[in-house]
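**Q** coords.cif is the file, holding mmCIF, C-alpha atoms:
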data_work
#
loop_
_atom_site.label_atom_id
_atom_site.label_comp_id
_atom_site.auth_asym_id
_atom_site.auth_seq_id
_atom_site.Cartn_x
_atom_site.Cartn_y
_atom_site.Cartn_z
CA MET A 1 -69.03 -128.48 26.24
CA THR A 2 -68.01 -126.19 23.40
CA THR A 3 -70.11 -123.38 22.06
CA THR A 4 -70.05 -122.21 18.49
CA PRO A 5 -69.72 -118.47 17.93
CA LYS A 6 -72.66 -116.49 16.61
CA PRO A 7 -72.34 -115.51 12.94
CA SER A 8 -71.88 -111.86 13.90
CA VAL A 9 -68.70 -112.66 15.82
CA SER A 10 -65.34 -112.41 14.10
CA SER A 11 -64.32 -115.64 12.48
CA ILE A 12 -61.32 -117.05 10.68
CA HIS A 13 -63.22 -119.52 8.48
CA ILE A 14 -66.50 -118.35 6.98
CA GLU A 15 -68.87 -120.58 5.10
CA ARG A 16 -71.31 -119.33 2.52
CA GLN A 17 -74.31 -120.55 4.53
CA THR A 18 -73.11 -118.41 7.46
CA LEU A 19 -73.19 -115.32 5.22
CA ILE A 20 -76.70 -116.17 4.09
CA ASP A 21 -77.81 -116.65 7.70
CA VAL A 22 -76.29 -113.30 8.71
CA PHE A 23 -77.98 -111.63 5.74
CA GLU A 24 -81.38 -113.07 6.73
CA ASP A 25 -80.96 -112.43 10.48
CA ASN A 26 -80.02 -108.76 9.91
CA HIS A 27 -82.26 -108.09 6.92
CA SER A 28 -83.90 -105.00 8.45
CA LEU A 29 -80.47 -103.42 9.07
CA TYR A 30 -79.37 -104.10 5.50
CA GLN A 31 -82.71 -102.92 4.14
CA HIS A 32 -82.30 -99.70 6.09
CA ILE A 33 -78.77 -99.18 4.74
CA ALA A 34 -79.89 -99.80 1.15
CA PHE A 35 -82.89 -97.49 1.52
CA ASN A 36 -80.73 -94.68 2.93
CA ILE A 37 -78.47 -94.89 -0.10
CA CYS A 38 -81.06 -95.50 -2.82
CA LYS A 39 -83.85 -93.31 -1.39
CA ASN A 40 -86.68 -95.50 -2.63
CA THR A 41 -87.99 -98.93 -1.78
CA GLN A 42 -87.75 -100.45 -5.27
CA ASP A 43 -84.08 -99.56 -5.74
CA ALA A 44 -83.27 -100.64 -2.18
CA GLU A 45 -84.86 -104.05 -2.80
CA ASP A 46 -82.92 -104.36 -6.07
CA ALA A 47 -79.69 -103.52 -4.24
CA LEU A 48 -80.46 -106.12 -1.56
CA GLN A 49 -81.04 -108.73 -4.23
CA ASP A 50 -77.76 -107.80 -5.93
CA ALA A 51 -76.02 -108.06 -2.56
CA ALA A 52 -77.52 -111.52 -1.98
CA VAL A 53 -76.26 -112.66 -5.39
CA ASN A 54 -72.83 -111.25 -4.56
CA LEU A 55 -72.80 -113.18 -1.29
CA LEU A 56 -73.53 -116.38 -3.21
CA THR A 57 -71.09 -115.86 -6.06
CA ARG A 58 -68.15 -113.78 -4.87
CA LYS A 59 -65.03 -114.79 -3.03
CA LEU A 60 -65.56 -115.24 0.69
CA PRO A 61 -63.63 -113.07 3.13
CA THR A 62 -60.57 -114.59 4.71
CA GLY A 63 -58.97 -113.86 8.01
CA LYS A 64 -60.62 -112.34 11.02
CA VAL A 65 -63.60 -110.20 9.98
CA ASN A 66 -66.82 -108.97 11.53
CA ILE A 67 -69.31 -110.79 9.33
CA VAL A 68 -72.24 -108.42 9.98
CA GLN A 69 -70.06 -105.45 8.99
CA TRP A 70 -68.66 -107.24 5.97
CA VAL A 71 -72.16 -108.09 4.69
CA ALA A 72 -73.23 -104.48 5.37
CA ARG A 73 -70.33 -103.35 3.18
CA VAL A 74 -71.48 -105.72 0.42
CA VAL A 75 -74.99 -104.18 0.67
CA THR A 76 -73.55 -100.65 0.61
CA ASN A 77 -71.46 -101.42 -2.46
CA ALA A 78 -74.42 -103.06 -4.22
CA ALA A 79 -76.59 -99.98 -3.58
CA LEU A 80 -73.88 -97.61 -4.79
CA ASP A 81 -73.27 -99.78 -7.86
CA LEU A 82 -76.99 -99.72 -8.63
CA LEU A 83 -77.03 -95.91 -8.45
CA ARG A 84 -73.96 -95.65 -10.66
CA HIS A 85 -75.52 -98.04 -13.14
CA LYS A 86 -78.68 -95.94 -13.21
CA GLY A 87 -76.55 -92.84 -13.71
CA ARG A 88 -77.69 -90.98 -10.66
CA ARG A 89 -76.43 -90.17 -7.22
CA PRO A 90 -78.35 -90.30 -3.96
CA THR A 91 -80.27 -87.15 -3.15
CA ALA A 92 -80.85 -85.46 0.18
CA GLU A 93 -84.63 -85.72 -0.08
CA LEU A 94 -86.57 -88.93 0.39
CA THR A 95 -88.83 -89.86 -2.49
CA GLU A 96 -90.93 -92.20 -0.36
CA PRO A 97 -91.80 -92.32 3.33
CA HIS A 98 -89.44 -94.34 5.49
CA GLU A 99 -90.67 -97.87 6.04
CA SER A 100 -91.18 -98.87 9.62
CA THR A 101 -88.53 -100.95 11.31
CA PRO A 102 -88.60 -102.20 14.91
CA ALA A 103 -86.00 -99.63 15.97
CA PHE A 104 -88.19 -96.77 14.73
CA ASP A 105 -91.55 -98.09 15.95
CA SER A 106 -90.95 -96.90 19.51
CA PHE A 107 -90.25 -93.30 18.42
CA SER A 108 -92.85 -90.60 18.72
CA THR A 109 -94.31 -89.20 15.54
CA GLU A 110 -92.62 -85.90 16.37
CA LEU A 111 -89.18 -87.50 16.52
CA ARG A 112 -89.71 -89.51 13.33
CA ASP A 113 -90.84 -86.36 11.51
CA ALA A 114 -87.84 -84.42 12.81
CA LEU A 115 -85.46 -87.19 11.68
CA GLN A 116 -86.95 -87.05 8.20
CA GLN A 117 -86.23 -83.30 8.04
CA LEU A 118 -82.48 -83.91 8.44
CA ASP A 119 -80.41 -84.20 5.29
CA SER A 120 -79.39 -87.76 4.45
CA GLU A 121 -75.76 -87.37 5.58
CA HIS A 122 -76.70 -86.33 9.11
CA ARG A 123 -79.69 -88.66 9.36
CA THR A 124 -77.65 -91.68 8.26
CA ALA A 125 -74.94 -91.02 10.85
CA ILE A 126 -77.54 -90.70 13.62
CA GLU A 127 -79.50 -93.76 12.48
CA LEU A 128 -76.48 -96.03 12.21
CA MET A 129 -74.88 -94.97 15.49
CA ASP A 130 -77.72 -93.99 17.81
CA ILE A 131 -80.57 -96.15 16.54
CA LEU A 132 -78.85 -99.23 15.18
CA GLY A 133 -76.03 -99.10 17.73
CA LEU A 134 -72.98 -99.19 15.46
CA SER A 135 -69.75 -97.67 16.75
CA VAL A 136 -68.21 -94.61 15.12
CA VAL A 137 -65.50 -96.82 13.59
CA GLU A 138 -68.07 -99.29 12.22
CA THR A 139 -70.13 -96.43 10.80
CA ALA A 140 -67.08 -94.80 9.23
CA TRP A 141 -66.06 -98.10 7.65
CA LEU A 142 -69.58 -98.79 6.41
CA LEU A 143 -69.95 -95.34 4.85
CA ASN A 144 -66.36 -95.28 3.63
CA LEU A 145 -65.72 -91.99 5.43
CA PRO A 146 -63.09 -90.77 7.89
CA VAL A 147 -64.02 -91.19 11.56
CA GLY A 148 -63.89 -87.42 12.10
CA THR A 149 -66.41 -86.83 9.32
CA VAL A 150 -68.82 -89.33 10.85
CA LYS A 151 -68.44 -87.72 14.29
CA SER A 152 -69.11 -84.23 12.96
CA ARG A 153 -72.11 -85.34 10.88
CA ARG A 154 -73.60 -87.05 13.91
CA LYS A 155 -72.96 -84.03 16.16
CA ARG A 156 -74.36 -81.51 13.67
CA GLY A 157 -77.34 -83.74 12.97
CA LYS A 158 -78.11 -84.13 16.67
CA ASP A 159 -77.79 -80.37 17.19
CA TYR A 160 -80.19 -79.68 14.33
CA LEU A 161 -82.54 -82.41 15.54
CA GLN A 162 -82.62 -80.81 18.99
CA LYS A 163 -83.43 -77.40 17.45
CA LEU A 164 -86.26 -78.97 15.43
CA LEU A 165 -87.73 -80.67 18.48
CA ASN A 166 -87.43 -77.53 20.63
CA THR A 167 -89.06 -75.41 17.91
CA ASN A 168 -91.96 -77.84 17.67
CA LYS A 169 -92.49 -77.74 21.46
CA ASN A 170 -92.67 -73.94 21.42
CA LEU A 171 -95.41 -73.89 18.77
#
Just give me the structure as structure tokens.
**A**
Amino acid sequence: MTTTPKPSVSSIHIERQTLIDVFEDNHSLYQHIAFNICKNTQDAEDALQDAAVNLLTRKLPTGKVNIVQWVARVVTNAALDLLRHKGRRPTAELTEPHESTPAFDSFSTELRDALQQLDSEHRTAIELMDILGLSVVETAWLLNLPVGTVKSRRKRGKDYLQKLLNTNKNL
């Protein structure tokens, strides 16, 4: 009996339907990535739609690739393209409250509030690695940053987060 690999597993031959399935199965991850870049729900949804169109119309990856990561990169590029097209860059402040995702639902209000106080660079590193479970290499690739930069952003963000939480306990 042979088993077929899950879409998230590396694959040599990728079909377009597999990309669509991965996109749908990991929609909350991709929505989170787009929101962190765009900083508002409307632009994030537009970026996701652009990414979906790109998945349907662009050349498929060849060789051995992690499909979930590759689709995440397509989403990241679509969000950045949308910001460039609008003539603005992402800002450190959120313009809307973070939408709830299953990974965040189990957090206390105190922790969610503290996460929102971090600047976007530190918050994104923590969210991708500690909440969504990506490795430092995956996070670096996704954000198009050196591994060392991702490690330092995560460390500094966690340090600041700990200070925020300790300060709130002392009040």
**Q** By how many Å are CA of Thr76 (chain A) and CA of Arg58 (chain A) apart?
**A**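 According to the coordinates, CA of Thr76 (chain A) and CA of Arg58 (chain A) are separated by 15.2 Å.
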**Q** Would you mind telling me which residue in A:Tyr160, A:Thr109, A:Glu121, A:Asp43 lies nearest to Leu145 (chain A) when using all atoms listed in the file?
**A** A:Glu121
**Q** Calculate how many Å separate CA of Ile131 (chain A) from CA of Val53 (chain A), rounding to one decimal.
**A** 27.8 Å
**Q** Report as a PyMOL selection string the residues that result from applying the PyMOL selection byres ((chain A and resi 52) around 12) to the structure here.
**A** chain A and resi 16-17+19-24+27+30-31+45-51+53-58+71-72+74-79
**Q** To one decimal in Å, tell me the separation between CA of Leu83 (chain A) and CA of Cys38 (chain A).
**A** 6.9 Å
**Q** Write out as an MDAnalysis selection string the residues lying within 9 Å of Leu111 (chain A), counting only C-alpha atoms and excluding same-chain residues fewer than 5 positions away.
**A** chainID A and resid 116 161 165
**Q** Which is closest to Ala125 (chain A) among A:Lys163, A:Arg154, A:Lys86, A:Arg112, if we use all atoms listed in the file?
**A**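 Using all atoms listed in the file, Ala125 (chain A) sits closest to A:Arg154.
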**Q** What lies within 10 Å of Leu118 (chain A) using all atoms listed in the file, ignoring chain neighbours under 4 positions off, as a list in words?
**A**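 Neighbouring residues, sequence-local ones excluded: Ala92, Glu93, Asp113, Ala114, His122, Arg123, Thr124, Ile126, Arg156, Gly157, Lys158, Tyr160, Leu161 and Leu164 of chain A.
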**Q** Using all atoms listed in the file, can you tell me which of A:Gln162, A:Asn36, A:Ser28, A:Asn66 comes closest to Asp119 (chain A)?
**A** A:Asn36
**Q** Just give me the residues with any atom within 12 Å of (-67.6, -90.2, 12.3), file coordinates, counting all atoms listed in the file, written as a ChimeraX atom specification.
**A** /A:121-122,124-126,128-129,134-157
**Q** Could the residues in this selection be written to a file with C-alpha atoms, as a short mmCIF file (atom, residue, chain, number, x, y, z; two decimals), in the frame of the given file?
**A**
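Just written: again_33.cif:
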data_model
loop_
_atom_site.label_atom_id
_atom_site.label_comp_id
_atom_site.auth_asym_id
_atom_site.auth_seq_id
_atom_site.Cartn_x
_atom_site.Cartn_y
_atom_site.Cartn_z
CA GLU A 121 -75.76 -87.37 5.58
CA HIS A 122 -76.70 -86.33 9.11
CA THR A 124 -77.65 -91.68 8.26
CA ALA A 125 -74.94 -91.02 10.85
CA ILE A 126 -77.54 -90.70 13.62
CA LEU A 128 -76.48 -96.03 12.21
CA MET A 129 -74.88 -94.97 15.49
CA LEU A 134 -72.98 -99.19 15.46
CA SER A 135 -69.75 -97.67 16.75
CA VAL A 136 -68.21 -94.61 15.12
CA VAL A 137 -65.50 -96.82 13.59
CA GLU A 138 -68.07 -99.29 12.22
CA THR A 139 -70.13 -96.43 10.80
CA ALA A 140 -67.08 -94.80 9.23
CA TRP A 141 -66.06 -98.10 7.65
CA LEU A 142 -69.58 -98.79 6.41
CA LEU A 143 -69.95 -95.34 4.85
CA ASN A 144 -66.36 -95.28 3.63
CA LEU A 145 -65.72 -91.99 5.43
CA PRO A 146 -63.09 -90.77 7.89
CA VAL A 147 -64.02 -91.19 11.56
CA GLY A 148 -63.89 -87.42 12.10
CA THR A 149 -66.41 -86.83 9.32
CA VAL A 150 -68.82 -89.33 10.85
CA LYS A 151 -68.44 -87.72 14.29
CA SER A 152 -69.11 -84.23 12.96
CA ARG A 153 -72.11 -85.34 10.88
CA ARG A 154 -73.60 -87.05 13.91
CA LYS A 155 -72.96 -84.03 16.16
CA ARG A 156 -74.36 -81.51 13.67
CA GLY A 157 -77.34 -83.74 12.97
#
**Q** May I ask which of the residues A:Ala44, A:Lys39, A:Leu60, A:Ala34 is the closest one to Thr18 (chain A), counting all atoms listed in the file?
**A** A:Leu60
